[in-house]
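Source file: target.pdb (PDB, C-alpha atoms, pLDDT in the B column)
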```pdb
ATOM      1  CA  MET A 127     -89.656 200.848  -8.100  1.00 83.00           C
ATOM      2  CA  LYS A 128     -88.871 200.362  -4.456  1.00 93.00           C
ATOM      3  CA  LYS A 129     -89.445 203.448  -2.321  1.00 96.00           C
ATOM      4  CA  LYS A 130     -87.295 204.304   0.661  1.00 97.00           C
ATOM      5  CA  VAL A 131     -88.867 205.955   3.694  1.00 97.00           C
ATOM      6  CA  ILE A 132     -86.828 207.180   6.644  1.00 97.00           C
ATOM      7  CA  VAL A 133     -88.805 207.162   9.902  1.00 96.00           C
ATOM      8  CA  ALA A 134     -87.141 209.115  12.676  1.00 93.00           C
ATOM      9  CA  CYS A 135     -87.697 210.116  16.284  1.00 88.00           C
ATOM     10  CA  GLY A 136     -85.572 211.131  19.234  1.00 82.00           C
ATOM     11  CA  GLY A 137     -84.228 207.733  20.105  1.00 78.00           C
ATOM     12  CA  ALA A 138     -85.712 205.352  17.535  1.00 74.00           C
ATOM     13  CA  VAL A 139     -87.382 203.659  20.513  1.00 82.00           C
ATOM     14  CA  ALA A 140     -91.145 203.954  20.696  1.00 87.00           C
ATOM     15  CA  THR A 141     -92.898 206.468  18.494  1.00 90.00           C
ATOM     16  CA  SER A 142     -90.877 205.916  15.340  1.00 91.00           C
ATOM     17  CA  THR A 143     -91.457 202.184  15.746  1.00 92.00           C
ATOM     18  CA  ILE A 144     -95.208 202.761  15.713  1.00 92.00           C
ATOM     19  CA  ALA A 145     -95.020 205.186  12.797  1.00 94.00           C
ATOM     20  CA  ALA A 146     -92.752 202.859  10.821  1.00 95.00           C
ATOM     21  CA  ASN A 147     -95.175 199.990  11.263  1.00 93.00           C
ATOM     22  CA  LYS A 148     -98.092 202.144  10.106  1.00 95.00           C
ATOM     23  CA  VAL A 149     -96.204 203.221   6.993  1.00 96.00           C
ATOM     24  CA  VAL A 150     -95.436 199.582   6.174  1.00 96.00           C
ATOM     25  CA  GLU A 151     -99.116 198.617   6.585  1.00 95.00           C
ATOM     26  CA  LEU A 152    -100.251 201.541   4.459  1.00 97.00           C
ATOM     27  CA  CYS A 153     -97.842 200.721   1.649  1.00 97.00           C
ATOM     28  CA  LYS A 154     -98.777 197.052   1.706  1.00 96.00           C
ATOM     29  CA  GLU A 155    -102.473 197.940   1.404  1.00 96.00           C
ATOM     30  CA  ASN A 156    -101.704 200.139  -1.571  1.00 96.00           C
ATOM     31  CA  GLY A 157     -99.276 197.866  -3.357  1.00 95.00           C
ATOM     32  CA  ILE A 158     -96.246 200.082  -2.823  1.00 96.00           C
ATOM     33  CA  ASP A 159     -92.922 198.314  -2.457  1.00 96.00           C
ATOM     34  CA  VAL A 160     -91.235 200.081   0.432  1.00 96.00           C
ATOM     35  CA  GLU A 161     -88.026 199.931   2.399  1.00 96.00           C
ATOM     36  CA  ILE A 162     -88.186 201.472   5.878  1.00 96.00           C
ATOM     37  CA  CYS A 163     -85.195 202.876   7.592  1.00 95.00           C
ATOM     38  CA  GLN A 164     -85.899 203.591  11.271  1.00 93.00           C
ATOM     39  CA  VAL A 165     -83.364 205.947  12.783  1.00 93.00           C
ATOM     40  CA  ARG A 166     -82.722 208.692  15.300  1.00 91.00           C
ATOM     41  CA  LEU A 167     -83.306 212.235  14.136  1.00 91.00           C
ATOM     42  CA  SER A 168     -79.554 212.850  14.133  1.00 91.00           C
ATOM     43  CA  GLU A 169     -79.017 209.935  11.758  1.00 93.00           C
ATOM     44  CA  ILE A 170     -81.312 211.114   8.949  1.00 95.00           C
ATOM     45  CA  GLY A 171     -78.540 212.781   6.966  1.00 95.00           C
ATOM     46  CA  SER A 172     -76.366 209.685   6.811  1.00 96.00           C
ATOM     47  CA  ASN A 173     -79.271 207.538   5.588  1.00 96.00           C
ATOM     48  CA  LEU A 174     -80.165 209.650   2.579  1.00 96.00           C
ATOM     49  CA  PRO A 175     -81.167 209.495  -0.225  1.00 96.00           C
ATOM     50  CA  ALA A 176     -84.797 208.648   0.435  1.00 97.00           C
ATOM     51  CA  ASP A 177     -88.199 209.277  -1.120  1.00 97.00           C
ATOM     52  CA  LEU A 178     -89.810 210.461   2.096  1.00 97.00           C
ATOM     53  CA  ILE A 179     -88.971 211.283   5.702  1.00 97.00           C
ATOM     54  CA  VAL A 180     -91.549 210.785   8.464  1.00 96.00           C
ATOM     55  CA  THR A 181     -90.693 212.119  11.918  1.00 94.00           C
ATOM     56  CA  THR A 182     -92.362 212.098  15.305  1.00 92.00           C
ATOM     57  CA  SER A 183     -90.052 214.801  16.646  1.00 88.00           C
ATOM     58  CA  LYS A 184     -89.813 218.342  15.424  1.00 85.00           C
ATOM     59  CA  CYS A 185     -87.392 218.651  12.576  1.00 85.00           C
ATOM     60  CA  LYS A 186     -86.501 221.963  11.035  1.00 84.00           C
ATOM     61  CA  ARG A 187     -83.723 220.915   8.686  1.00 89.00           C
ATOM     62  CA  ASP A 188     -84.439 220.738   4.990  1.00 93.00           C
ATOM     63  CA  TYR A 189     -83.012 217.538   3.571  1.00 95.00           C
ATOM     64  CA  GLY A 190     -84.353 218.217   0.095  1.00 95.00           C
ATOM     65  CA  VAL A 191     -86.766 215.305   0.609  1.00 96.00           C
ATOM     66  CA  PRO A 192     -90.502 215.568   1.428  1.00 96.00           C
ATOM     67  CA  LEU A 193     -90.920 215.532   5.198  1.00 96.00           C
ATOM     68  CA  LEU A 194     -94.154 214.662   6.984  1.00 95.00           C
ATOM     69  CA  THR A 195     -95.059 214.420  10.649  1.00 93.00           C
ATOM     70  CA  GLY A 196     -95.975 210.963  11.888  1.00 94.00           C
ATOM     71  CA  MET A 197     -97.624 212.372  15.009  1.00 92.00           C
ATOM     72  CA  PRO A 198    -101.168 211.497  13.864  1.00 92.00           C
ATOM     73  CA  PHE A 199    -100.192 207.811  14.113  1.00 93.00           C
ATOM     74  CA  ILE A 200     -99.580 208.400  17.821  1.00 90.00           C
ATOM     75  CA  SER A 201    -102.410 210.807  18.679  1.00 87.00           C
ATOM     76  CA  GLY A 202    -105.007 209.401  16.279  1.00 87.00           C
ATOM     77  CA  VAL A 203    -105.885 212.928  15.178  1.00 86.00           C
ATOM     78  CA  GLY A 204    -105.639 213.460  11.408  1.00 91.00           C
ATOM     79  CA  VAL A 205    -104.545 209.941  10.480  1.00 93.00           C
ATOM     80  CA  ASP A 206    -106.449 209.848   7.180  1.00 96.00           C
ATOM     81  CA  LYS A 207    -104.909 213.069   5.959  1.00 96.00           C
ATOM     82  CA  THR A 208    -101.431 211.872   6.859  1.00 96.00           C
ATOM     83  CA  LYS A 209    -102.010 208.578   5.060  1.00 97.00           C
ATOM     84  CA  ALA A 210    -103.211 210.445   1.971  1.00 97.00           C
ATOM     85  CA  ASN A 211    -100.136 212.694   2.044  1.00 97.00           C
ATOM     86  CA  ILE A 212     -97.784 209.732   2.372  1.00 97.00           C
ATOM     87  CA  LEU A 213     -99.446 207.978  -0.561  1.00 97.00           C
ATOM     88  CA  LYS A 214     -99.289 211.146  -2.632  1.00 96.00           C
ATOM     89  CA  VAL A 215     -95.535 211.413  -2.135  1.00 96.00           C
ATOM     90  CA  LEU A 216     -94.857 207.727  -2.697  1.00 95.00           C
ATOM     91  CA  SER A 217     -97.038 207.318  -5.778  1.00 90.00           C
ATOM     92  CA  ARG A 218     -95.075 209.929  -7.670  1.00 79.00           C
TER      93      ARG A 218
ATOM     94  CA  MET B 146    -101.793 192.322  26.643  1.00 86.00           C
ATOM     95  CA  ILE B 147    -100.826 195.432  28.512  1.00 91.00           C
ATOM     96  CA  TRP B 148    -103.120 194.896  31.483  1.00 93.00           C
ATOM     97  CA  GLU B 149    -101.587 191.530  32.309  1.00 91.00           C
ATOM     98  CA  GLU B 150     -98.235 193.210  32.726  1.00 91.00           C
ATOM     99  CA  LEU B 151     -99.493 196.042  34.889  1.00 95.00           C
ATOM    100  CA  ASP B 152     -98.830 195.856  38.584  1.00 95.00           C
ATOM    101  CA  SER B 153    -100.064 198.119  41.361  1.00 95.00           C
ATOM    102  CA  ALA B 154     -96.409 198.527  42.391  1.00 96.00           C
ATOM    103  CA  ARG B 155     -95.930 200.478  39.161  1.00 97.00           C
ATOM    104  CA  ILE B 156     -99.112 202.539  39.329  1.00 97.00           C
ATOM    105  CA  ILE B 157     -99.330 205.755  41.310  1.00 97.00           C
ATOM    106  CA  THR B 158    -102.649 207.556  41.694  1.00 96.00           C
ATOM    107  CA  ASP B 159    -102.956 211.002  43.256  1.00 95.00           C
ATOM    108  CA  LEU B 160     -99.366 211.612  42.271  1.00 97.00           C
ATOM    109  CA  GLU B 161     -98.205 214.957  43.613  1.00 97.00           C
ATOM    110  CA  ALA B 162     -95.816 216.592  41.190  1.00 98.00           C
ATOM    111  CA  GLU B 163     -94.844 220.169  40.409  1.00 97.00           C
ATOM    112  CA  SER B 164     -92.679 219.415  37.406  1.00 97.00           C
ATOM    113  CA  THR B 165     -91.848 216.765  34.824  1.00 97.00           C
ATOM    114  CA  LYS B 166     -88.792 215.953  36.950  1.00 98.00           C
ATOM    115  CA  ASP B 167     -91.031 215.106  39.929  1.00 98.00           C
ATOM    116  CA  VAL B 168     -93.052 212.792  37.700  1.00 98.00           C
ATOM    117  CA  PHE B 169     -89.943 211.069  36.332  1.00 98.00           C
ATOM    118  CA  GLU B 170     -88.517 210.601  39.828  1.00 98.00           C
ATOM    119  CA  ALA B 171     -91.713 209.177  41.298  1.00 98.00           C
ATOM    120  CA  LEU B 172     -92.552 206.752  38.489  1.00 98.00           C
ATOM    121  CA  GLY B 173     -88.963 206.130  37.418  1.00 98.00           C
ATOM    122  CA  SER B 174     -87.931 205.036  40.908  1.00 98.00           C
ATOM    123  CA  ARG B 175     -90.709 202.435  40.833  1.00 97.00           C
ATOM    124  CA  MET B 176     -89.318 201.149  37.540  1.00 98.00           C
ATOM    125  CA  ILE B 177     -85.845 200.930  39.077  1.00 98.00           C
ATOM    126  CA  GLN B 178     -87.071 199.303  42.318  1.00 97.00           C
ATOM    127  CA  GLU B 179     -88.969 196.708  40.336  1.00 97.00           C
ATOM    128  CA  GLY B 180     -85.938 195.906  38.226  1.00 97.00           C
ATOM    129  CA  TYR B 181     -87.295 197.229  34.932  1.00 97.00           C
ATOM    130  CA  ALA B 182     -84.781 200.036  34.624  1.00 98.00           C
ATOM    131  CA  LYS B 183     -81.220 200.824  35.609  1.00 98.00           C
ATOM    132  CA  GLU B 184     -80.125 203.523  38.065  1.00 98.00           C
ATOM    133  CA  SER B 185     -79.358 205.846  35.148  1.00 98.00           C
ATOM    134  CA  TYR B 186     -82.969 205.718  33.919  1.00 97.00           C
ATOM    135  CA  ILE B 187     -84.378 208.798  35.695  1.00 98.00           C
ATOM    136  CA  GLN B 188     -81.589 211.133  34.599  1.00 98.00           C
ATOM    137  CA  ALA B 189     -81.862 209.716  31.074  1.00 97.00           C
ATOM    138  CA  LEU B 190     -85.588 210.508  31.038  1.00 96.00           C
ATOM    139  CA  ILE B 191     -84.944 214.072  32.215  1.00 97.00           C
ATOM    140  CA  ASP B 192     -82.241 214.614  29.589  1.00 95.00           C
ATOM    141  CA  ARG B 193     -84.230 213.114  26.761  1.00 92.00           C
ATOM    142  CA  GLU B 194     -87.397 215.029  27.554  1.00 94.00           C
ATOM    143  CA  LYS B 195     -85.507 218.310  27.008  1.00 92.00           C
ATOM    144  CA  ASP B 196     -84.564 217.370  23.457  1.00 89.00           C
ATOM    145  CA  TYR B 197     -87.478 215.138  22.548  1.00 90.00           C
ATOM    146  CA  PRO B 198     -90.553 215.961  24.623  1.00 92.00           C
ATOM    147  CA  THR B 199     -93.277 213.336  25.070  1.00 93.00           C
ATOM    148  CA  GLY B 200     -96.447 215.310  25.856  1.00 94.00           C
ATOM    149  CA  LEU B 201     -99.485 214.484  23.707  1.00 93.00           C
ATOM    150  CA  ASP B 202    -102.658 216.483  23.271  1.00 91.00           C
ATOM    151  CA  MET B 203    -105.316 213.831  22.778  1.00 89.00           C
ATOM    152  CA  GLY B 204    -108.086 216.167  21.726  1.00 84.00           C
ATOM    153  CA  GLY B 205    -107.849 218.429  24.755  1.00 86.00           C
ATOM    154  CA  PHE B 206    -106.712 215.706  27.132  1.00 92.00           C
ATOM    155  CA  GLY B 207    -103.033 215.887  28.041  1.00 94.00           C
ATOM    156  CA  ILE B 208    -101.049 212.712  28.427  1.00 95.00           C
ATOM    157  CA  ALA B 209     -97.332 211.957  28.341  1.00 95.00           C
ATOM    158  CA  ILE B 210     -95.427 208.839  27.361  1.00 94.00           C
ATOM    159  CA  PRO B 211     -91.893 209.361  28.690  1.00 95.00           C
ATOM    160  CA  HIS B 212     -89.341 206.772  27.594  1.00 94.00           C
ATOM    161  CA  THR B 213     -85.651 206.660  26.836  1.00 92.00           C
ATOM    162  CA  ASP B 214     -82.838 204.684  25.238  1.00 91.00           C
ATOM    163  CA  VAL B 215     -82.699 200.915  25.633  1.00 93.00           C
ATOM    164  CA  SER B 216     -79.295 201.199  27.324  1.00 95.00           C
ATOM    165  CA  HIS B 217     -81.020 202.377  30.538  1.00 97.00           C
ATOM    166  CA  VAL B 218     -83.573 199.562  30.500  1.00 96.00           C
ATOM    167  CA  ASN B 219     -83.515 195.986  31.805  1.00 97.00           C
ATOM    168  CA  GLU B 220     -86.946 194.805  30.873  1.00 95.00           C
ATOM    169  CA  SER B 221     -89.913 196.023  28.873  1.00 93.00           C
ATOM    170  CA  GLY B 222     -92.696 197.446  31.026  1.00 94.00           C
ATOM    171  CA  VAL B 223     -95.256 200.155  31.720  1.00 95.00           C
ATOM    172  CA  ALA B 224     -95.764 202.376  34.770  1.00 97.00           C
ATOM    173  CA  ILE B 225     -98.816 204.608  35.102  1.00 97.00           C
ATOM    174  CA  GLY B 226     -99.202 207.835  37.027  1.00 97.00           C
ATOM    175  CA  VAL B 227    -102.408 209.782  37.581  1.00 97.00           C
ATOM    176  CA  LEU B 228    -101.431 213.287  38.591  1.00 97.00           C
ATOM    177  CA  LYS B 229    -103.200 215.065  41.407  1.00 96.00           C
ATOM    178  CA  LYS B 230    -102.929 218.300  39.470  1.00 96.00           C
ATOM    179  CA  PRO B 231    -101.727 218.662  35.882  1.00 97.00           C
ATOM    180  CA  VAL B 232     -98.066 219.227  35.054  1.00 98.00           C
ATOM    181  CA  GLU B 233     -96.977 221.055  31.933  1.00 97.00           C
ATOM    182  CA  PHE B 234     -95.152 218.963  29.340  1.00 97.00           C
ATOM    183  CA  ILE B 235     -93.974 220.095  25.930  1.00 95.00           C
ATOM    184  CA  GLN B 236     -95.773 218.346  23.100  1.00 93.00           C
ATOM    185  CA  MET B 237     -94.023 215.751  21.042  1.00 91.00           C
ATOM    186  CA  GLY B 238     -93.198 216.803  17.510  1.00 86.00           C
ATOM    187  CA  MET B 239     -94.260 220.381  18.170  1.00 76.00           C
ATOM    188  CA  ASP B 240     -92.538 223.711  18.467  1.00 72.00           C
ATOM    189  CA  ASP B 241     -92.444 224.167  22.210  1.00 82.00           C
ATOM    190  CA  ASP B 242     -96.225 223.988  22.544  1.00 91.00           C
ATOM    191  CA  PRO B 243     -97.105 223.036  26.102  1.00 95.00           C
ATOM    192  CA  VAL B 244     -99.881 220.683  27.178  1.00 96.00           C
ATOM    193  CA  ASP B 245    -101.275 220.145  30.680  1.00 97.00           C
ATOM    194  CA  VAL B 246    -100.743 216.481  31.452  1.00 97.00           C
ATOM    195  CA  SER B 247    -102.852 214.548  33.957  1.00 96.00           C
ATOM    196  CA  LEU B 248    -101.994 211.017  32.948  1.00 97.00           C
ATOM    197  CA  VAL B 249     -98.558 209.512  32.376  1.00 97.00           C
ATOM    198  CA  PHE B 250     -97.714 206.195  30.725  1.00 96.00           C
ATOM    199  CA  MET B 251     -94.017 205.653  31.399  1.00 96.00           C
ATOM    200  CA  LEU B 252     -92.397 203.034  29.203  1.00 94.00           C
ATOM    201  CA  THR B 253     -89.314 200.908  29.489  1.00 95.00           C
ATOM    202  CA  VAL B 254     -88.632 199.608  25.997  1.00 92.00           C
ATOM    203  CA  LYS B 255     -86.004 196.900  25.646  1.00 91.00           C
ATOM    204  CA  ASP B 256     -86.388 195.916  22.014  1.00 88.00           C
ATOM    205  CA  PRO B 257     -88.609 198.226  19.943  1.00 85.00           C
ATOM    206  CA  SER B 258     -89.219 195.848  17.047  1.00 82.00           C
ATOM    207  CA  ALA B 259     -90.130 192.985  19.375  1.00 81.00           C
ATOM    208  CA  HIS B 260     -92.639 195.171  21.222  1.00 83.00           C
ATOM    209  CA  ILE B 261     -94.346 196.803  18.287  1.00 85.00           C
ATOM    210  CA  ASP B 262     -97.714 195.205  19.086  1.00 84.00           C
ATOM    211  CA  LYS B 263     -97.510 196.420  22.660  1.00 85.00           C
ATOM    212  CA  LEU B 264     -96.510 199.923  21.666  1.00 85.00           C
ATOM    213  CA  GLN B 265     -99.341 200.048  19.185  1.00 88.00           C
ATOM    214  CA  ARG B 266    -101.776 198.739  21.770  1.00 91.00           C
ATOM    215  CA  ILE B 267    -100.801 201.557  24.127  1.00 91.00           C
ATOM    216  CA  THR B 268    -101.553 204.165  21.468  1.00 91.00           C
ATOM    217  CA  GLU B 269    -104.939 202.517  20.847  1.00 93.00           C
ATOM    218  CA  ILE B 270    -105.727 202.690  24.550  1.00 95.00           C
ATOM    219  CA  ILE B 271    -104.771 206.337  24.933  1.00 93.00           C
ATOM    220  CA  GLN B 272    -106.689 207.368  21.813  1.00 93.00           C
ATOM    221  CA  ASP B 273    -109.957 206.561  23.599  1.00 94.00           C
ATOM    222  CA  GLN B 274    -111.122 209.645  25.468  1.00 92.00           C
ATOM    223  CA  LYS B 275    -113.593 207.688  27.586  1.00 94.00           C
ATOM    224  CA  VAL B 276    -110.794 205.444  28.790  1.00 96.00           C
ATOM    225  CA  LEU B 277    -108.684 208.482  29.685  1.00 95.00           C
ATOM    226  CA  ASP B 278    -111.585 209.945  31.667  1.00 95.00           C
ATOM    227  CA  ARG B 279    -112.080 206.699  33.541  1.00 96.00           C
ATOM    228  CA  LEU B 280    -108.370 206.316  34.261  1.00 96.00           C
ATOM    229  CA  THR B 281    -108.075 209.787  35.766  1.00 94.00           C
ATOM    230  CA  GLY B 282    -111.334 209.403  37.664  1.00 93.00           C
ATOM    231  CA  THR B 283    -110.081 206.705  39.984  1.00 92.00           C
ATOM    232  CA  LYS B 284    -107.731 206.504  42.929  1.00 92.00           C
ATOM    233  CA  GLU B 285    -107.352 202.718  42.910  1.00 95.00           C
ATOM    234  CA  ALA B 286    -104.505 201.021  41.092  1.00 96.00           C
ATOM    235  CA  GLU B 287    -106.654 197.911  40.621  1.00 96.00           C
ATOM    236  CA  ALA B 288    -109.381 200.001  38.988  1.00 96.00           C
ATOM    237  CA  ILE B 289    -106.840 201.335  36.502  1.00 97.00           C
ATOM    238  CA  ILE B 290    -105.816 197.810  35.556  1.00 97.00           C
ATOM    239  CA  ASN B 291    -109.508 196.905  35.137  1.00 97.00           C
ATOM    240  CA  VAL B 292    -110.262 199.863  32.869  1.00 97.00           C
ATOM    241  CA  ILE B 293    -107.336 198.906  30.637  1.00 97.00           C
ATOM    242  CA  ARG B 294    -108.319 195.222  30.666  1.00 96.00           C
ATOM    243  CA  GLU B 295    -111.860 196.110  29.562  1.00 96.00           C
ATOM    244  CA  LYS B 296    -110.569 198.372  26.806  1.00 96.00           C
ATOM    245  CA  GLU B 297    -108.236 195.649  25.585  1.00 95.00           C
ATOM    246  CA  GLU B 298    -111.030 193.094  25.575  1.00 95.00           C
ATOM    247  CA  ASP B 299    -113.071 195.479  23.416  1.00 94.00           C
ATOM    248  CA  LEU B 300    -110.140 195.935  21.062  1.00 93.00           C
ATOM    249  CA  ASP B 301    -109.653 192.177  20.780  1.00 91.00           C
ATOM    250  CA  GLN B 302    -113.329 191.709  20.002  1.00 91.00           C
ATOM    251  CA  GLU B 303    -113.104 194.303  17.250  1.00 86.00           C
ATOM    252  CA  LEU B 304    -110.207 192.374  15.775  1.00 79.00           C
ATOM    253  CA  THR B 305    -112.038 189.062  15.665  1.00 81.00           C
ATOM    254  CA  ALA B 306    -115.370 190.574  14.599  1.00 73.00           C
TER     255      ALA B 306
END
```
Translate the structure of the given file into structure tokens.
Amino acid sequence: MKKKVIVACGGAVATSTIAANKVVELCKENGIDVEICQVRLSEIGSNLPADLIVTTSKCKRDYGVPLLTGMPFISGVGVDKTKANILKVLSR
Amino acid sequence: MIWEELDSARIITDLEAESTKDVFEALGSRMIQEGYAKESYIQALIDREKDYPTGLDMGGFGIAIPHTDVSHVNESGVAIGVLKKPVEFIQMGMDDDPVDVSLVFMLTVKDPSAHIDKLQRITEIIQDQKVLDRLTGTKEAEAIINVIREKEEDLDQELTA
């Protein structure tokens, strides 16, 4: 089944673009069929439902969907753990 | 390649700044002068930074990658600032955690999906602590371009290896 991932940052300009690309690569490597929806933080609500939300800005709202930080894709710190968490959510 | 697009007109070493606003004005005005950004760019950076900060703690090394909406941008580009003394930025994706920033990569992004390789390349460059040390250790714009060129050549070799 196709999974939908929302990737969000402040302006959908730079960091969410990088994170979105990394999620696509990761899913391809692991044979997960994924649809990415790259939006601004304020647009998350109107793009639900989704299987996972990845943000590179702080996000306190609970959308009832697993939410992970995509910051490791930018800083390089903790990338493996983030990848594992994404796969865990999407393989359910 | 990032280094091919760098120009000493958009690199400031020994940048004296007391605040993020000073940084945005100094580097942002270069972007505007050089035609990469519109007049509204600096204010847009200041406004956006409040809501969506761009400081990054790269393992104890503070850098910032300020950028803003495409509507304030003419052309895709990079400006680099090496700060004379660190300025406090709030970290991206964090709860108001500050980080002392000494190196700033300011971006004008015109079309995010078209520039994904470039954006990714920038993150690869800034994830290398040795590169960050070398970039902040120089006062010459040309030296900065050289450090980035060398790093990119290494990255390209890794890709073909």
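Candidate residues B:Ser153, B:Gln236, B:Ser258, B:Thr305 were compared for distance to Ile200 (chain A), and the nearest is B:Gln236, using all atoms listed in the file.
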(request) Using only C-alpha atoms, determine which residues of chain B fall within 10 Å of chain A; present them as JSON, numbers by chain. (result) {"B": [193, 194, 196, 197, 198, 199, 201, 202, 203, 204, 210, 211, 212, 213, 214, 215, 236, 237, 238, 239, 240, 241, 252, 253, 254, 255, 256, 257, 258, 259, 260, 261, 262, 263, 264, 265, 266, 267, 268, 269, 271, 272, 273]}
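Checking B:Asp152, B:Glu179, B:Glu303, B:Glu161 one by one against Pro231 (chain B), counting all atoms listed in the file, you find the shortest gap at B:Glu161.
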(request) Would you kindly return, as a VMD selection string, each protein, DNA or RNA residue with an atom no farther than 8 Å from any atom of Tyr186 (chain B), considering all atoms listed in the file and excluding same-chain residues fewer than 4 positions away? (result) chain B and resid 173 177 182 190 213 217 to 218
(request) With a distance cut-off of 8 Å and only C-alpha atoms, select the neighbouring residues of Lys229 (chain B), excluding the residue or stretch itself and same-chain residues fewer than 6 positions from it, and output the selection as a count of residues only. (result) 6
(request) Name the residues in contact with Pro192 (chain A) at a cut-off of 8 Å, using only C-alpha atoms, excluding same-chain residues fewer than 2 positions from it; report them as a PyMOL selection string. (result) chain A and resi 177-179+190+194+215
(request) Could you tell me which of A:Glu169, A:Ala176, A:Val205, A:Leu216 comes closest to Val191 (chain A) if we count only C-alpha atoms? (result) A:Ala176
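Ranking B:Pro243, B:Gly180, B:Lys166, B:Val276 by their shortest atom-to-atom distance to Asp299 (chain B), with only C-alpha atoms included, puts B:Val276 first.
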Running the PyMOL selection byres ((chain B and resi 292) around 12) on this model by hand, what would come out? Give it as a PDB file with C-alpha atoms, keeping the file's coordinate frame.
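Printed below is result16.pdb as written:
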```pdb
ATOM      1  CA  ILE B 147    -100.826 195.432  28.512  1.00 91.00           C
ATOM      2  CA  TRP B 148    -103.120 194.896  31.483  1.00 93.00           C
ATOM      3  CA  LEU B 151     -99.493 196.042  34.889  1.00 95.00           C
ATOM      4  CA  ILE B 270    -105.727 202.690  24.550  1.00 95.00           C
ATOM      5  CA  ILE B 271    -104.771 206.337  24.933  1.00 93.00           C
ATOM      6  CA  ASP B 273    -109.957 206.561  23.599  1.00 94.00           C
ATOM      7  CA  LYS B 275    -113.593 207.688  27.586  1.00 94.00           C
ATOM      8  CA  VAL B 276    -110.794 205.444  28.790  1.00 96.00           C
ATOM      9  CA  LEU B 277    -108.684 208.482  29.685  1.00 95.00           C
ATOM     10  CA  ASP B 278    -111.585 209.945  31.667  1.00 95.00           C
ATOM     11  CA  ARG B 279    -112.080 206.699  33.541  1.00 96.00           C
ATOM     12  CA  LEU B 280    -108.370 206.316  34.261  1.00 96.00           C
ATOM     13  CA  THR B 281    -108.075 209.787  35.766  1.00 94.00           C
ATOM     14  CA  GLY B 282    -111.334 209.403  37.664  1.00 93.00           C
ATOM     15  CA  THR B 283    -110.081 206.705  39.984  1.00 92.00           C
ATOM     16  CA  GLU B 285    -107.352 202.718  42.910  1.00 95.00           C
ATOM     17  CA  ALA B 286    -104.505 201.021  41.092  1.00 96.00           C
ATOM     18  CA  GLU B 287    -106.654 197.911  40.621  1.00 96.00           C
ATOM     19  CA  ALA B 288    -109.381 200.001  38.988  1.00 96.00           C
ATOM     20  CA  ILE B 289    -106.840 201.335  36.502  1.00 97.00           C
ATOM     21  CA  ILE B 290    -105.816 197.810  35.556  1.00 97.00           C
ATOM     22  CA  ASN B 291    -109.508 196.905  35.137  1.00 97.00           C
ATOM     23  CA  ILE B 293    -107.336 198.906  30.637  1.00 97.00           C
ATOM     24  CA  ARG B 294    -108.319 195.222  30.666  1.00 96.00           C
ATOM     25  CA  GLU B 295    -111.860 196.110  29.562  1.00 96.00           C
ATOM     26  CA  LYS B 296    -110.569 198.372  26.806  1.00 96.00           C
ATOM     27  CA  GLU B 297    -108.236 195.649  25.585  1.00 95.00           C
ATOM     28  CA  GLU B 298    -111.030 193.094  25.575  1.00 95.00           C
ATOM     29  CA  ASP B 299    -113.071 195.479  23.416  1.00 94.00           C
TER      30      ASP B 299
END
```
(message) Here's the selection I'm unsure about, the PyMOL selection byres ((chain B and resi 244) around 6); applied to the file above, which residues does it give, as a PyMOL selection string?
(response) chain B and resi 207+233-234+243+245
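In this structure, CA of Asp188 (chain A) sits 14.2 Å away from CA of Asn173 (chain A).
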Could you work out an axis-aligned box for region 242-255 of chain B, taking every atom the file lists and adding 6 Å on each side, and report centre and edge lengths in Å to one decimal, as JSON?
```
{"center_x": -94.4, "center_y": 210.4, "center_z": 28.3, "size_x": 28.8, "size_y": 39.1, "size_z": 23.4}
```
Could you give me region 173-181 of chain A completed to N, CA and C atoms, formatted as an mmCIF file, in the coordinates of the input?
```
data_model
loop_
_atom_site.group_PDB
_atom_site.id
_atom_site.type_symbol
_atom_site.label_atom_id
_atom_site.label_comp_id
_atom_site.auth_asym_id
_atom_site.auth_seq_id
_atom_site.Cartn_x
_atom_site.Cartn_y
_atom_site.Cartn_z
ATOM 1 N N ASN A 173 -78.468 208.604 6.201
ATOM 2 C CA ASN A 173 -79.271 207.538 5.588
ATOM 3 C C ASN A 173 -79.943 207.967 4.284
ATOM 4 N N LEU A 174 -79.633 209.174 3.860
ATOM 5 C CA LEU A 174 -80.165 209.650 2.579
ATOM 6 C C LEU A 174 -79.386 208.986 1.428
ATOM 7 N N PRO A 175 -79.902 208.934 0.225
ATOM 8 C CA PRO A 175 -81.167 209.495 -0.225
ATOM 9 C C PRO A 175 -82.384 208.672 0.208
ATOM 10 N N ALA A 176 -83.541 209.322 0.142
ATOM 11 C CA ALA A 176 -84.797 208.648 0.435
ATOM 12 C C ALA A 176 -85.907 209.341 -0.338
ATOM 13 N N ASP A 177 -87.066 208.673 -0.426
ATOM 14 C CA ASP A 177 -88.199 209.277 -1.120
ATOM 15 C C ASP A 177 -89.052 210.116 -0.181
ATOM 16 N N LEU A 178 -88.972 209.782 1.116
ATOM 17 C CA LEU A 178 -89.810 210.461 2.096
ATOM 18 C C LEU A 178 -89.202 210.316 3.493
ATOM 19 N N ILE A 179 -89.376 211.360 4.292
ATOM 20 C CA ILE A 179 -88.971 211.283 5.702
ATOM 21 C C ILE A 179 -90.220 211.501 6.558
ATOM 22 N N VAL A 180 -90.444 210.620 7.515
ATOM 23 C CA VAL A 180 -91.549 210.785 8.464
ATOM 24 C C VAL A 180 -90.936 210.904 9.849
ATOM 25 N N THR A 181 -91.270 211.970 10.579
ATOM 26 C CA THR A 181 -90.693 212.119 11.918
ATOM 27 C C THR A 181 -91.778 212.276 12.977
#
```
